[in-house]
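Report on one structure; see the data block that follows.
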Amino acid sequence: MKDLEELLNTIYIDIRKRNTERSPHSVPLSEDFYDEIEKRYSLIPYAIPTLFKILADSHKIFSFTVVEADRKERIRRVDGFVVTEGNIIKSLLEYYGDELIRAYSHEFSMKYSIERIIKEFFPKLNEYNNTHLGKTANIVIHLMSFQSTLERNIMQYGQKWQENQLRIEIEKRDPIEFFIGDGIGKTETGRDDEDEVTPEKSRRAIDAAKYEEFKKYMSKNSIEKAVIVYGVEFYTRVCFREYQFTLMKKLIEDGLIQEREDLMIIKKLLQKTRAHSDQDLNLQKYAHDINDLEKLINGKLKQDGKQ
């Protein structure tokens with residue numbers, strides 16, 4: 001995998017392939033699809049939602065909620081993904097529409113049309129959250145909405161618009177090394193002389209090179225030296241992608257990181273990481289460590305009297 005665009009297009013193809021099947025798995029769900037592509041492409045788990053956001057913001061796919069998060073019931077949010085192609089959405093709607101009729105008939109012993117089911121069942125959706133009937137109804141409702149969206153905004157879902165927007169979205173992001181683990185997806189060192197070199201592309205190239213240098217430096221030097229040489233922000237980003245929240249906590253407790261500005265940087269990055277907690281199963285395993293780190297940072301800032 002040579003760059004982020006190739007990775008995104010590969011994931012898009014995977015989604016499209018699933019969408020063209022006629023099976024209960026035609027709409028890939030985050031609860032299992034994230035794990036599938038993580039293993040297939042050696043992805044960093046907490047970074048996976050960002051890849052799907054890029055595709056959605058580029059209008060390559062629709063991303064929607066199939067299961068609402070419910071902390072009281074310990075239910076995690078589950079998202080579904082479909083490509084923005086009218087013929088595929090139509091086919092999916094036919095399949096899931098038939099499945100909704102069957103599921104509704106089984107639950108209520110009444111066989112209604114899709115339109116009537118949606119009208120009567122919509123107010124009850126929350127009651128059936130995380131059930132087969134509830135999931136199917138949510139998928140059908142969203143597919144119907146996507147059909148209307150494509151009809152109203154056809155130009156924004158054309159190939160040219162998507163390609164231009166995808167390039168814009170990629171320019172905002174980290175290089176591929178921040179999404180893929182060691183040994184896979186390294187960028188090529190060569191560059192086509194005709195490629196346009198923008199400031200953002202240069203920054204991403206520098207970040208990629210910096211990350212490779214960092215890994216080599218860490219293999220020969222102490223953590224303390226690495227923090228000093230590479231800075232708190234970069235070191236924190238690397239730690240968080242590897243779920244090393246307890247390590248960051250220890251560095252703060254030991255006084256290696258104590259400046260208010262540095263603590264604010266870590267707090268901001270921690271909040272950004274927590275935003276993925278409903279989607280990243282691995283990240284949720286570290287909820288206690290994340291809370292402890294945040295509590296420590298808030299305490300330090302409060303002691304400083306400037307929070």
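Naming works like this for the structure tokens: A, B, ... for the chains as they're shown, residue 1 at the start of each chain, ligands 1 onward in shown order.
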
Residue list (alpha helix (DSSP H), DSSP) for range 108-293 of chain A, as an NGL selection string: :A and (108 or 114-121 or 132-152 or 159-171 or 199-218 or 223-230 or 232-241 or 245-253 or 260-274 or 281-284 or 287-293)

Residue list (strand (DSSP E), DSSP) for range 76-238 of chain A, as a VMD selection string: chain A and resid 78 to 83

Dump as a PDB file, in the first residue's frame, selection limited to N, CA, C and O atoms:
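Output (again13.pdb):
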```
ATOM      1  N   VAL A  78     -23.278   1.196  16.429  1.00  0.00           N
ATOM      2  CA  VAL A  78     -22.880   0.425  15.251  1.00  0.00           C
ATOM      3  C   VAL A  78     -23.263   1.226  14.012  1.00  0.00           C
ATOM      4  O   VAL A  78     -24.409   1.656  13.877  1.00  0.00           O
ATOM      5  N   ASP A  79     -22.303   1.428  13.136  1.00  0.00           N
ATOM      6  CA  ASP A  79     -22.550   2.165  11.898  1.00  0.00           C
ATOM      7  C   ASP A  79     -22.597   1.212  10.711  1.00  0.00           C
ATOM      8  O   ASP A  79     -21.969   0.144  10.723  1.00  0.00           O
ATOM      9  N   GLY A  80     -23.331   1.624   9.684  1.00  0.00           N
ATOM     10  CA  GLY A  80     -23.389   0.873   8.440  1.00  0.00           C
ATOM     11  C   GLY A  80     -22.825   1.713   7.305  1.00  0.00           C
ATOM     12  O   GLY A  80     -22.778   2.948   7.406  1.00  0.00           O
ATOM     13  N   PHE A  81     -22.415   1.046   6.217  1.00  0.00           N
ATOM     14  CA  PHE A  81     -21.764   1.757   5.122  1.00  0.00           C
ATOM     15  C   PHE A  81     -22.275   1.260   3.769  1.00  0.00           C
ATOM     16  O   PHE A  81     -22.340   0.049   3.533  1.00  0.00           O
ATOM     17  N   VAL A  82     -22.631   2.205   2.904  1.00  0.00           N
ATOM     18  CA  VAL A  82     -23.038   1.857   1.543  1.00  0.00           C
ATOM     19  C   VAL A  82     -22.417   2.854   0.576  1.00  0.00           C
ATOM     20  O   VAL A  82     -22.240   4.032   0.908  1.00  0.00           O
ATOM     21  N   VAL A  83     -22.077   2.388  -0.604  1.00  0.00           N
ATOM     22  CA  VAL A  83     -21.509   3.279  -1.614  1.00  0.00           C
ATOM     23  C   VAL A  83     -22.614   4.159  -2.185  1.00  0.00           C
ATOM     24  O   VAL A  83     -23.795   3.809  -2.153  1.00  0.00           O
TER      25      VAL A  83
END
```

Distance query Leu4 in chain A at most 7 Å, only C-alpha atoms, self and fewer than 3 positions along chain excluded, as a PyMOL selection string: chain A and resi 7-8+175-176

Selection to disk with N, CA and C atoms, as a compact mmCIF listing (two decimals), in the first residue's frame:
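Output saved as result.txt:
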```txt
# COMPACT_ATOMS: atom_id res chain seq x y z
N LEU A 7 -5.13 3.19 -0.07
CA LEU A 7 -5.79 2.48 1.02
C LEU A 7 -7.28 2.78 1.04
N LEU A 8 -7.64 4.05 0.90
CA LEU A 8 -9.04 4.45 0.90
C LEU A 8 -9.81 3.82 -0.26
N PRO A 175 -0.15 11.09 7.15
CA PRO A 175 0.26 10.14 6.11
C PRO A 175 -0.18 8.73 6.47
N ILE A 176 -0.01 7.82 5.54
CA ILE A 176 -0.51 6.46 5.70
C ILE A 176 0.11 5.74 6.90
```

Residues near Ile139 in chain A, cut-off 9 Å, only C-alpha atoms, skip fewer than 5 positions along chain, as a PyMOL selection string: chain A and resi 27+64-66+80+93+96+134+144

Give me, as a PDB file with N, CA, C and O atoms, in the first residue's frame, all polymer residues having an atom no more than 9 Å from range 286-301 of chain A, counting only C-alpha atoms and skipping those fewer than 2 positions away in the same chain.
```pdb
ATOM      1  N   TYR A 243      -2.100   2.869  22.289  1.00  0.00           N
ATOM      2  CA  TYR A 243      -2.857   2.681  23.536  1.00  0.00           C
ATOM      3  C   TYR A 243      -1.976   2.754  24.789  1.00  0.00           C
ATOM      4  O   TYR A 243      -2.286   2.135  25.805  1.00  0.00           O
ATOM      5  N   GLN A 244      -0.905   3.513  24.740  1.00  0.00           N
ATOM      6  CA  GLN A 244       0.005   3.597  25.883  1.00  0.00           C
ATOM      7  C   GLN A 244      -0.383   4.767  26.801  1.00  0.00           C
ATOM      8  O   GLN A 244       0.406   5.676  27.062  1.00  0.00           O
ATOM      9  N   PHE A 245      -1.598   4.702  27.322  1.00  0.00           N
ATOM     10  CA  PHE A 245      -2.105   5.772  28.182  1.00  0.00           C
ATOM     11  C   PHE A 245      -1.444   5.738  29.561  1.00  0.00           C
ATOM     12  O   PHE A 245      -1.201   6.787  30.161  1.00  0.00           O
ATOM     13  N   THR A 246      -1.164   4.538  30.052  1.00  0.00           N
ATOM     14  CA  THR A 246      -0.516   4.434  31.364  1.00  0.00           C
ATOM     15  C   THR A 246       0.913   4.969  31.311  1.00  0.00           C
ATOM     16  O   THR A 246       1.411   5.515  32.300  1.00  0.00           O
ATOM     17  N   MET A 248       1.923   7.487  29.415  1.00  0.00           N
ATOM     18  CA  MET A 248       1.810   8.942  29.471  1.00  0.00           C
ATOM     19  C   MET A 248       1.524   9.406  30.897  1.00  0.00           C
ATOM     20  O   MET A 248       2.057  10.418  31.357  1.00  0.00           O
ATOM     21  N   LYS A 249       0.696   8.645  31.605  1.00  0.00           N
ATOM     22  CA  LYS A 249       0.368   8.981  32.992  1.00  0.00           C
ATOM     23  C   LYS A 249       1.628   8.955  33.859  1.00  0.00           C
ATOM     24  O   LYS A 249       1.856   9.844  34.686  1.00  0.00           O
ATOM     25  N   ILE A 252       3.910  11.957  33.326  1.00  0.00           N
ATOM     26  CA  ILE A 252       3.415  13.159  34.005  1.00  0.00           C
ATOM     27  C   ILE A 252       3.658  13.052  35.506  1.00  0.00           C
ATOM     28  O   ILE A 252       4.101  14.008  36.153  1.00  0.00           O
ATOM     29  N   GLU A 253       3.373  11.881  36.065  1.00  0.00           N
ATOM     30  CA  GLU A 253       3.575  11.675  37.503  1.00  0.00           C
ATOM     31  C   GLU A 253       5.040  11.826  37.894  1.00  0.00           C
ATOM     32  O   GLU A 253       5.360  12.341  38.969  1.00  0.00           O
ATOM     33  N   GLN A 258       5.424  18.420  32.578  1.00  0.00           N
ATOM     34  CA  GLN A 258       4.761  19.168  33.642  1.00  0.00           C
ATOM     35  C   GLN A 258       4.343  20.580  33.243  1.00  0.00           C
ATOM     36  O   GLN A 258       3.565  21.225  33.951  1.00  0.00           O
ATOM     37  N   ARG A 260       2.319  23.544  31.657  1.00  0.00           N
ATOM     38  CA  ARG A 260       0.890  23.686  31.381  1.00  0.00           C
ATOM     39  C   ARG A 260       0.587  23.534  29.890  1.00  0.00           C
ATOM     40  O   ARG A 260      -0.376  22.859  29.501  1.00  0.00           O
ATOM     41  N   LEU A 263       0.652  19.908  28.975  1.00  0.00           N
ATOM     42  CA  LEU A 263      -0.508  19.200  29.526  1.00  0.00           C
ATOM     43  C   LEU A 263      -1.767  19.499  28.711  1.00  0.00           C
ATOM     44  O   LEU A 263      -2.607  18.617  28.495  1.00  0.00           O
ATOM     45  N   MET A 264      -1.898  20.732  28.256  1.00  0.00           N
ATOM     46  CA  MET A 264      -3.053  21.102  27.443  1.00  0.00           C
ATOM     47  C   MET A 264      -3.029  20.381  26.094  1.00  0.00           C
ATOM     48  O   MET A 264      -4.072  19.980  25.564  1.00  0.00           O
ATOM     49  N   ILE A 266      -1.689  17.406  25.543  1.00  0.00           N
ATOM     50  CA  ILE A 266      -2.059  16.015  25.804  1.00  0.00           C
ATOM     51  C   ILE A 266      -3.559  15.894  26.038  1.00  0.00           C
ATOM     52  O   ILE A 266      -4.213  14.965  25.545  1.00  0.00           O
ATOM     53  N   LYS A 267      -4.119  16.842  26.779  1.00  0.00           N
ATOM     54  CA  LYS A 267      -5.561  16.813  27.060  1.00  0.00           C
ATOM     55  C   LYS A 267      -6.370  16.914  25.769  1.00  0.00           C
ATOM     56  O   LYS A 267      -7.354  16.187  25.578  1.00  0.00           O
ATOM     57  N   LEU A 270      -6.119  13.700  23.905  1.00  0.00           N
ATOM     58  CA  LEU A 270      -6.871  12.662  24.613  1.00  0.00           C
ATOM     59  C   LEU A 270      -8.365  12.782  24.315  1.00  0.00           C
ATOM     60  O   LEU A 270      -9.051  11.781  24.091  1.00  0.00           O
ATOM     61  N   GLN A 271      -8.862  14.001  24.297  1.00  0.00           N
ATOM     62  CA  GLN A 271     -10.276  14.225  23.982  1.00  0.00           C
ATOM     63  C   GLN A 271     -10.587  13.791  22.552  1.00  0.00           C
ATOM     64  O   GLN A 271     -11.652  13.223  22.279  1.00  0.00           O
ATOM     65  N   ARG A 274     -10.768  10.016  22.560  1.00  0.00           N
ATOM     66  CA  ARG A 274     -11.982   9.508  23.204  1.00  0.00           C
ATOM     67  C   ARG A 274     -13.197   9.614  22.291  1.00  0.00           C
ATOM     68  O   ARG A 274     -14.177   8.889  22.469  1.00  0.00           O
ATOM     69  N   SER A 277     -14.455   6.349  20.960  1.00  0.00           N
ATOM     70  CA  SER A 277     -14.687   5.255  21.909  1.00  0.00           C
ATOM     71  C   SER A 277     -15.915   4.413  21.590  1.00  0.00           C
ATOM     72  O   SER A 277     -15.981   3.243  21.964  1.00  0.00           O
ATOM     73  N   ASN A 282     -11.153  -1.879  20.692  1.00  0.00           N
ATOM     74  CA  ASN A 282      -9.907  -1.953  21.453  1.00  0.00           C
ATOM     75  C   ASN A 282      -9.738  -0.734  22.351  1.00  0.00           C
ATOM     76  O   ASN A 282      -9.267  -0.846  23.486  1.00  0.00           O
ATOM     77  N   LEU A 283     -10.135   0.425  21.848  1.00  0.00           N
ATOM     78  CA  LEU A 283     -10.005   1.651  22.627  1.00  0.00           C
ATOM     79  C   LEU A 283     -10.852   1.582  23.890  1.00  0.00           C
ATOM     80  O   LEU A 283     -10.453   2.075  24.947  1.00  0.00           O
ATOM     81  N   GLN A 284     -12.003   0.942  23.791  1.00  0.00           N
ATOM     82  CA  GLN A 284     -12.895   0.849  24.947  1.00  0.00           C
ATOM     83  C   GLN A 284     -12.291   0.025  26.079  1.00  0.00           C
ATOM     84  O   GLN A 284     -12.639   0.206  27.238  1.00  0.00           O
ATOM     85  N   GLN A 303      -4.099  22.519  39.945  1.00  0.00           N
ATOM     86  CA  GLN A 303      -3.057  22.946  40.879  1.00  0.00           C
ATOM     87  C   GLN A 303      -2.348  24.194  40.372  1.00  0.00           C
ATOM     88  O   GLN A 303      -1.936  25.056  41.141  1.00  0.00           O
ATOM     89  N   ASP A 304      -2.235  24.257  39.068  1.00  0.00           N
ATOM     90  CA  ASP A 304      -1.575  25.410  38.455  1.00  0.00           C
ATOM     91  C   ASP A 304      -2.415  26.670  38.626  1.00  0.00           C
ATOM     92  O   ASP A 304      -1.925  27.790  38.468  1.00  0.00           O
ATOM     93  N   GLY A 305      -3.720  26.463  38.912  1.00  0.00           N
ATOM     94  CA  GLY A 305      -4.608  27.589  39.172  1.00  0.00           C
ATOM     95  C   GLY A 305      -5.027  28.357  37.944  1.00  0.00           C
ATOM     96  O   GLY A 305      -5.515  29.482  38.028  1.00  0.00           O
ATOM     97  N   LYS A 306      -4.871  27.714  36.751  1.00  0.00           N
ATOM     98  CA  LYS A 306      -5.168  28.450  35.520  1.00  0.00           C
ATOM     99  C   LYS A 306      -6.150  27.712  34.627  1.00  0.00           C
ATOM    100  O   LYS A 306      -6.368  28.094  33.498  1.00  0.00           O
ATOM    101  N   GLN A 307      -6.690  26.614  35.098  1.00  0.00           N
ATOM    102  CA  GLN A 307      -7.589  25.836  34.243  1.00  0.00           C
ATOM    103  C   GLN A 307      -8.874  26.593  33.962  1.00  0.00           C
ATOM    104  O   GLN A 307      -9.377  27.268  34.835  1.00  0.00           O
TER     105      GLN A 307
END
```

Closest of A:Leu29, A:Leu51, A:Ile223, A:Ile154 to Arg173 in chain A - atom-to-atom distances counting only C-alpha atoms: A:Leu51

Exercise: Ser113 in chain A partners within 12 Å, only C-alpha atoms, chain neighbours under 2 positions left out, as a count of residues only: 17

For Ile11 in chain A: contacts at 12 Å, only C-alpha atoms, fewer than 2 positions along chain excluded, given as a PyMOL selection string: chain A and resi 1+4-9+13-18+28+33-34+36-38+40-41+43+48-49+51-52+54-55+60-61+81-83

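As for CA of Phe146 in chain A and CA of Phe62 in chain A, they are spaced 7.7 Å apart.
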
Pick from A:Asp262, A:Glu31, A:Asp70, A:Asp254 nearest to Tyr235 in chain A, counting only C-alpha atoms: A:Asp262

Nearest candidate to Gln159 in chain A (options A:Asp3, A:Glu94, A:Glu107, A:Glu85; using only C-alpha atoms):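 With only C-alpha atoms as the atom set, the closest residue is A:Glu85.
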